[in-house]
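Peer 1: Handing you this structure, nothing more for now.
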Amino acid sequence: MKEKDVRALFLEYFAGKGHKVYDSMPLVPDDPTLLFTNAGMVQFKDIFTGRIPIPSPNIATSAQTCIRAGGKHNDLENVGYTARHHTLFEMLGNFSFGAYFKKEAIAYAWEFVTEVLGFDKSVLYVTIHESDEEAFELWSKHIDTARIKRMGNKDNFWQMGDVGPCGPCSEIFVDQGAEFFNGPEDYFGGDGDRFLEIWNLVFMQFERDKEGNLKPLPKPSIDTGMGLERVVALLEGKHSNFDSSLFMPLIAKVEEITRQTYIYESGASFRVIADHARSVAFLLAQGVNFDKEGRGYVLRRILRRAIRHGYLLGLREPFVYQVVGCVCENMGAHYRYLLEKQQVVMQQCKAEELRFFETIENGMNLFNKELEKLKDEKPNQLFSGEVAFKLYDTYGFPLDLTQDMLRENGFGVDVDSFEICMKAQKEQAKANWKGSGDSVKEGDFKLLLSEFGVNEFVGYEKTEAQSRILALLDANLQRVESIKKDEMGFILLDRTPFYPESGGPVGDKGVLMHNNDKIAEILDTKKYFGLNISQVKAV
Ligand code: SER
């Protein structure tokens, strides 16, 4: 059974039960507490917490693309080395906003898994939160109580991030068989791959605030998440997601590029490239760009990790972009924008690859030299933080890439001295700073927000607009009446056609005219606390 069938079956099943089908929301959420959309519930979080009214119908379903590469849920370092971790995956979910609760959520999940997907009851197991008697009672109507396991907060309490909606949960597992998995952790409740979790039912009851306190949600709700890639692999009889029809075409592409044959046991690099190409394709197609910080830096780290694995396979020139092209073709039927953006996305990827290929050779030489020293002279020691910093600063190796390379050799980095180098460099950069928007203090723009509210963005309809200047700040963020010629500052317009960078595409540049005279250049535009603010230079 292919992914499109499982996805369609899921959405049809819940639509048939009265749920409204929602499209996948963007991977970059409008939420500064989250790096990426990391679960299907993210697009509904404000409904759960009561910040926006409950829609009609009050039950929903979606197939949501998620990224877990940074932030609270981060799977990046496991990818390639396990059968089931991905940076990007699709989560199938059903949601109830105060409509049904545990009883129906459990009954629906059981019916879908056993009757629609056809899993044999003899391979199914469930976990519940150790305190959840109600869930135990409800599950015991469907499954032998010997197959219900109580677990603690670590496994059976789910939360979106450090703050946000959360609650106890119950997970459904499929036993893939002792004949294939017999490691020490391959018991029900262990960390092995034999018992594979396919579906998490969260009984949303609380919201966690910044201080860590739990406050009850307005209405007990339901948020479930089933991993599409896992289910497709199981239904295709594969023991690794990477062996399924979702990933094998990408791995075949890597085989074609490297002219090497993929062998599961030694094929981690093939899997890393296949996985990471999917994240790169989706993030670029959705407008996230490679950057020195924030989401764009996560994207860069993902791509550089893939490049380094290609380097291990002997590749010395850009190649990930070809796998990215393959992702766009394979997934474009459902995600049309992948096909529409395919050429641009491949070009962006190739250009970024070229940049890293310029320095990777020298960086690898430096890394290997230091590693040899470590092996010969200093067993049980840490890899020098200064060298890790040089790898980062001069050769573009993100710290986690260096850590990744060391882990394979059983070493770690001296992170403290890395941080000291980083801090020293930042202080130096600050001392040299002549007034870019990057060092803006929180309070400055928050004051403007409370005074004027959010300004209007009209850039989707037009590239020029008549605007009023609401506030002008100099380079030191002091409110001023005017800015002298050639000096820089910041401007808040009541309505602006300039698109702001906020973790996604770059901010717009342009000019400011008054009575047909150019009075300032717009150097950049960013979003600060919801305000579209442009950096200007008076002319
Ligand atoms: N939010 C839960 C999870 O991500 C269920 O959807 O596992």
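Chains: A, B, ... in order of the structure tokens. Residues: from 1 per chain. Ligands: from 1, in order shown.
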What residues of the protein or nucleic acid chains come within 6 Å of ligand 1 when you use only C-alpha atoms and all ligand atoms? Reply as a list in words.
Peer 2: Ala39, Gly40, Met41, Asn200, Leu201, Val202, Asp223, Thr224 and Gly225 of chain A
Peer 1: Write out as a Markdown table the residues of stretch 96-153 of chain A that have any atom within 12 Å of an atom of stretch 17-38 of chain A, one row each with the nearest atom pair and its distance in Å to one decimal, counting only C-alpha atoms, sorted by chain and then rising number.
Peer 2:
```
| residue | atom | partner | partner_atom | distance |
| --- | --- | --- | --- | --- |
| A:Ser96 | CA | A:His19 | CA | 8.7 |
| A:Phe97 | CA | A:His19 | CA | 11.0 |
| A:Ala99 | CA | A:His19 | CA | 10.9 |
| A:Tyr100 | CA | A:His19 | CA | 11.4 |
| A:Glu104 | CA | A:Lys17 | CA | 10.7 |
| A:Ala105 | CA | A:Lys17 | CA | 11.5 |
| A:Ala107 | CA | A:Lys17 | CA | 11.9 |
| A:Tyr108 | CA | A:Lys17 | CA | 9.1 |
| A:Glu111 | CA | A:Lys17 | CA | 11.9 |
| A:Phe112 | CA | A:Lys17 | CA | 11.5 |
```
Peer 1: Where in stretch 125-280 of chain A does DSSP assign strand (DSSP E or B), given as a ChimeraX atom specification?
Peer 2: /A:125-129,148-151,157-159,164-175,195-208,214-227
Peer 1: Could you give me, as CSV, a per-residue list for stretch 321-429 of chain A showing, wherever an atom lies at most 8 Å from an atom of stretch 281-294 of chain A, the closest pair of atoms and their distance in Å to one decimal, using only C-alpha atoms and sorting by chain then residue number from low to high?
Peer 2:
```
residue,atom,partner,partner_atom,distance
A:Val324,CA,A:Ala281,CA,5.4
A:Gly325,CA,A:Ala281,CA,7.8
A:Val327,CA,A:Ala281,CA,6.8
A:Cys328,CA,A:Ala281,CA,6.8
A:Tyr337,CA,A:Ala285,CA,6.9
A:Leu338,CA,A:Ala285,CA,6.1
A:Lys341,CA,A:Ala285,CA,5.9
A:Gln342,CA,A:Ala285,CA,7.6
A:Val345,CA,A:Leu284,CA,5.9
A:Gln348,CA,A:Leu284,CA,7.8
A:Glu352,CA,A:Phe290,CA,7.6
```
Peer 1: Could you find all residues in stretch 358-394 of chain A that DSSP calls helix (DSSP H, G or I) from the backbone, and write them as a list in words?
Peer 2: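 Taking stretch 358-394 of chain A and keeping helix (DSSP H, G or I) only, one gets Glu358, Thr359, Ile360, Glu361, Asn362, Gly363, Met364, Asn365, Leu366, Phe367, Asn368, Lys369, Glu370, Leu371, Glu372, Lys373, Leu374, Lys375, Asp376, Glu377, Gly385, Glu386, Val387, Ala388, Phe389, Lys390, Leu391, Tyr392 and Asp393 of chain A.
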Peer 1: When you look at A:Asp517 with a cut-off of 12 Å (counting only C-alpha atoms), what residues show up, excluding the ones that are within fewer than 6 positions of it in the same chain? I need them as number ranges by chain.
Peer 2: A: 511, 538-539
Peer 1: Env of A:Phe206: 10 Å cut, atoms = only C-alpha atoms, seq-sep filter 5 positions within chain, self excluded. Answer as a PDB file with C-alpha atoms, in the first residue's frame.
Peer 2:
```pdb
ATOM      1  CA  PHE A  48      -7.201  24.032  22.032  1.00  0.00           C
ATOM      2  CA  THR A  49      -6.193  26.850  24.353  1.00  0.00           C
ATOM      3  CA  GLN A 159       3.678  18.453  24.917  1.00  0.00           C
ATOM      4  CA  GLY A 164       1.686  25.142  24.972  1.00  0.00           C
ATOM      5  CA  PRO A 165      -1.031  22.499  24.994  1.00  0.00           C
ATOM      6  CA  CYS A 166      -0.199  19.105  26.488  1.00  0.00           C
ATOM      7  CA  GLY A 167      -1.648  16.061  28.169  1.00  0.00           C
ATOM      8  CA  PRO A 168      -1.293  12.363  28.991  1.00  0.00           C
ATOM      9  CA  ASN A 213       2.704  25.503  35.457  1.00  0.00           C
ATOM     10  CA  LEU A 214      -0.101  23.380  34.026  1.00  0.00           C
ATOM     11  CA  LYS A 215      -3.475  25.037  33.685  1.00  0.00           C
ATOM     12  CA  PRO A 216      -6.541  23.146  32.498  1.00  0.00           C
ATOM     13  CA  LEU A 217      -7.670  23.788  28.918  1.00  0.00           C
ATOM     14  CA  PRO A 218     -11.155  25.243  28.458  1.00  0.00           C
ATOM     15  CA  LYS A 219     -12.342  21.834  27.216  1.00  0.00           C
ATOM     16  CA  PRO A 220     -10.697  18.391  27.274  1.00  0.00           C
ATOM     17  CA  SER A 221      -9.694  17.733  23.678  1.00  0.00           C
TER      18      SER A 221
END
```
Peer 1: With only C-alpha atoms counted and 10 Å as the cut-off, give the residues of stretch 231-334 of chain A in contact with stretch 395-399 of chain A, each with its shortest interatomic distance in Å and the pair that gives it, as a Markdown table.
Peer 2:
```
| residue | atom | partner | partner_atom | distance |
| --- | --- | --- | --- | --- |
| A:Tyr297 | CA | A:Pro398 | CA | 8.9 |
| A:Val298 | CA | A:Pro398 | CA | 9.5 |
| A:Arg300 | CA | A:Pro398 | CA | 8.6 |
| A:Arg301 | CA | A:Pro398 | CA | 6.3 |
| A:Ile302 | CA | A:Pro398 | CA | 9.7 |
| A:Arg304 | CA | A:Phe397 | CA | 7.6 |
| A:Arg305 | CA | A:Pro398 | CA | 8.8 |
| A:Arg308 | CA | A:Phe397 | CA | 9.6 |
```
Peer 1: Pull N, CA and C atoms from the residues just selected and write them as a PDB file, in the first residue's frame.
Peer 2:
```
ATOM      1  N   TYR A 297      19.423  28.396   9.397  1.00  0.00           N
ATOM      2  CA  TYR A 297      20.660  27.708   9.801  1.00  0.00           C
ATOM      3  C   TYR A 297      20.396  26.216  10.002  1.00  0.00           C
ATOM      4  N   VAL A 298      19.204  25.889  10.485  1.00  0.00           N
ATOM      5  CA  VAL A 298      18.862  24.468  10.594  1.00  0.00           C
ATOM      6  C   VAL A 298      18.854  23.851   9.196  1.00  0.00           C
ATOM      7  N   ARG A 300      20.574  24.822   6.641  1.00  0.00           N
ATOM      8  CA  ARG A 300      21.981  24.698   6.223  1.00  0.00           C
ATOM      9  C   ARG A 300      22.621  23.478   6.884  1.00  0.00           C
ATOM     10  N   ARG A 301      22.335  23.283   8.182  1.00  0.00           N
ATOM     11  CA  ARG A 301      22.919  22.136   8.892  1.00  0.00           C
ATOM     12  C   ARG A 301      22.450  20.818   8.282  1.00  0.00           C
ATOM     13  N   ILE A 302      21.175  20.777   7.935  1.00  0.00           N
ATOM     14  CA  ILE A 302      20.647  19.545   7.341  1.00  0.00           C
ATOM     15  C   ILE A 302      21.360  19.271   6.013  1.00  0.00           C
ATOM     16  N   ARG A 304      24.266  20.390   4.963  1.00  0.00           N
ATOM     17  CA  ARG A 304      25.696  20.105   5.124  1.00  0.00           C
ATOM     18  C   ARG A 304      25.924  18.695   5.672  1.00  0.00           C
ATOM     19  N   ARG A 305      24.993  18.233   6.500  1.00  0.00           N
ATOM     20  CA  ARG A 305      25.106  16.857   7.003  1.00  0.00           C
ATOM     21  C   ARG A 305      24.968  15.883   5.824  1.00  0.00           C
ATOM     22  N   ARG A 308      28.160  15.993   3.685  1.00  0.00           N
ATOM     23  CA  ARG A 308      29.272  15.278   4.300  1.00  0.00           C
ATOM     24  C   ARG A 308      29.113  13.759   4.108  1.00  0.00           C
TER      25      ARG A 308
END
```
Peer 1: Please produce, as CSV, a per-residue contact table for stretch 390-497 of chain A versus stretch 369-373 of chain A (criterion: any atom at most 10 Å away, only C-alpha atoms considered), showing the nearest atom pair and its distance in Å to one decimal, sorted by chain then residue number.
Peer 2:
```
residue,atom,partner,partner_atom,distance
A:Met405,CA,A:Leu371,CA,9.9
A:Leu406,CA,A:Leu371,CA,8.1
A:Asn409,CA,A:Leu371,CA,8.8
A:Phe411,CA,A:Leu371,CA,8.9
```
Peer 1: Find the spatial neighbours of A:Lys446, counting only C-alpha atoms, within a cut-off of 9 Å - ignore same-chain residues fewer than 5 positions away - and output them as a PyMOL selection string.
Peer 2: chain A and resi 451+528-529+531
Peer 1: To one decimal in Å, tell me the separation between atom CA of A:Pro249 and atom CA of A:Ile198.
Peer 2: 23.1 Å
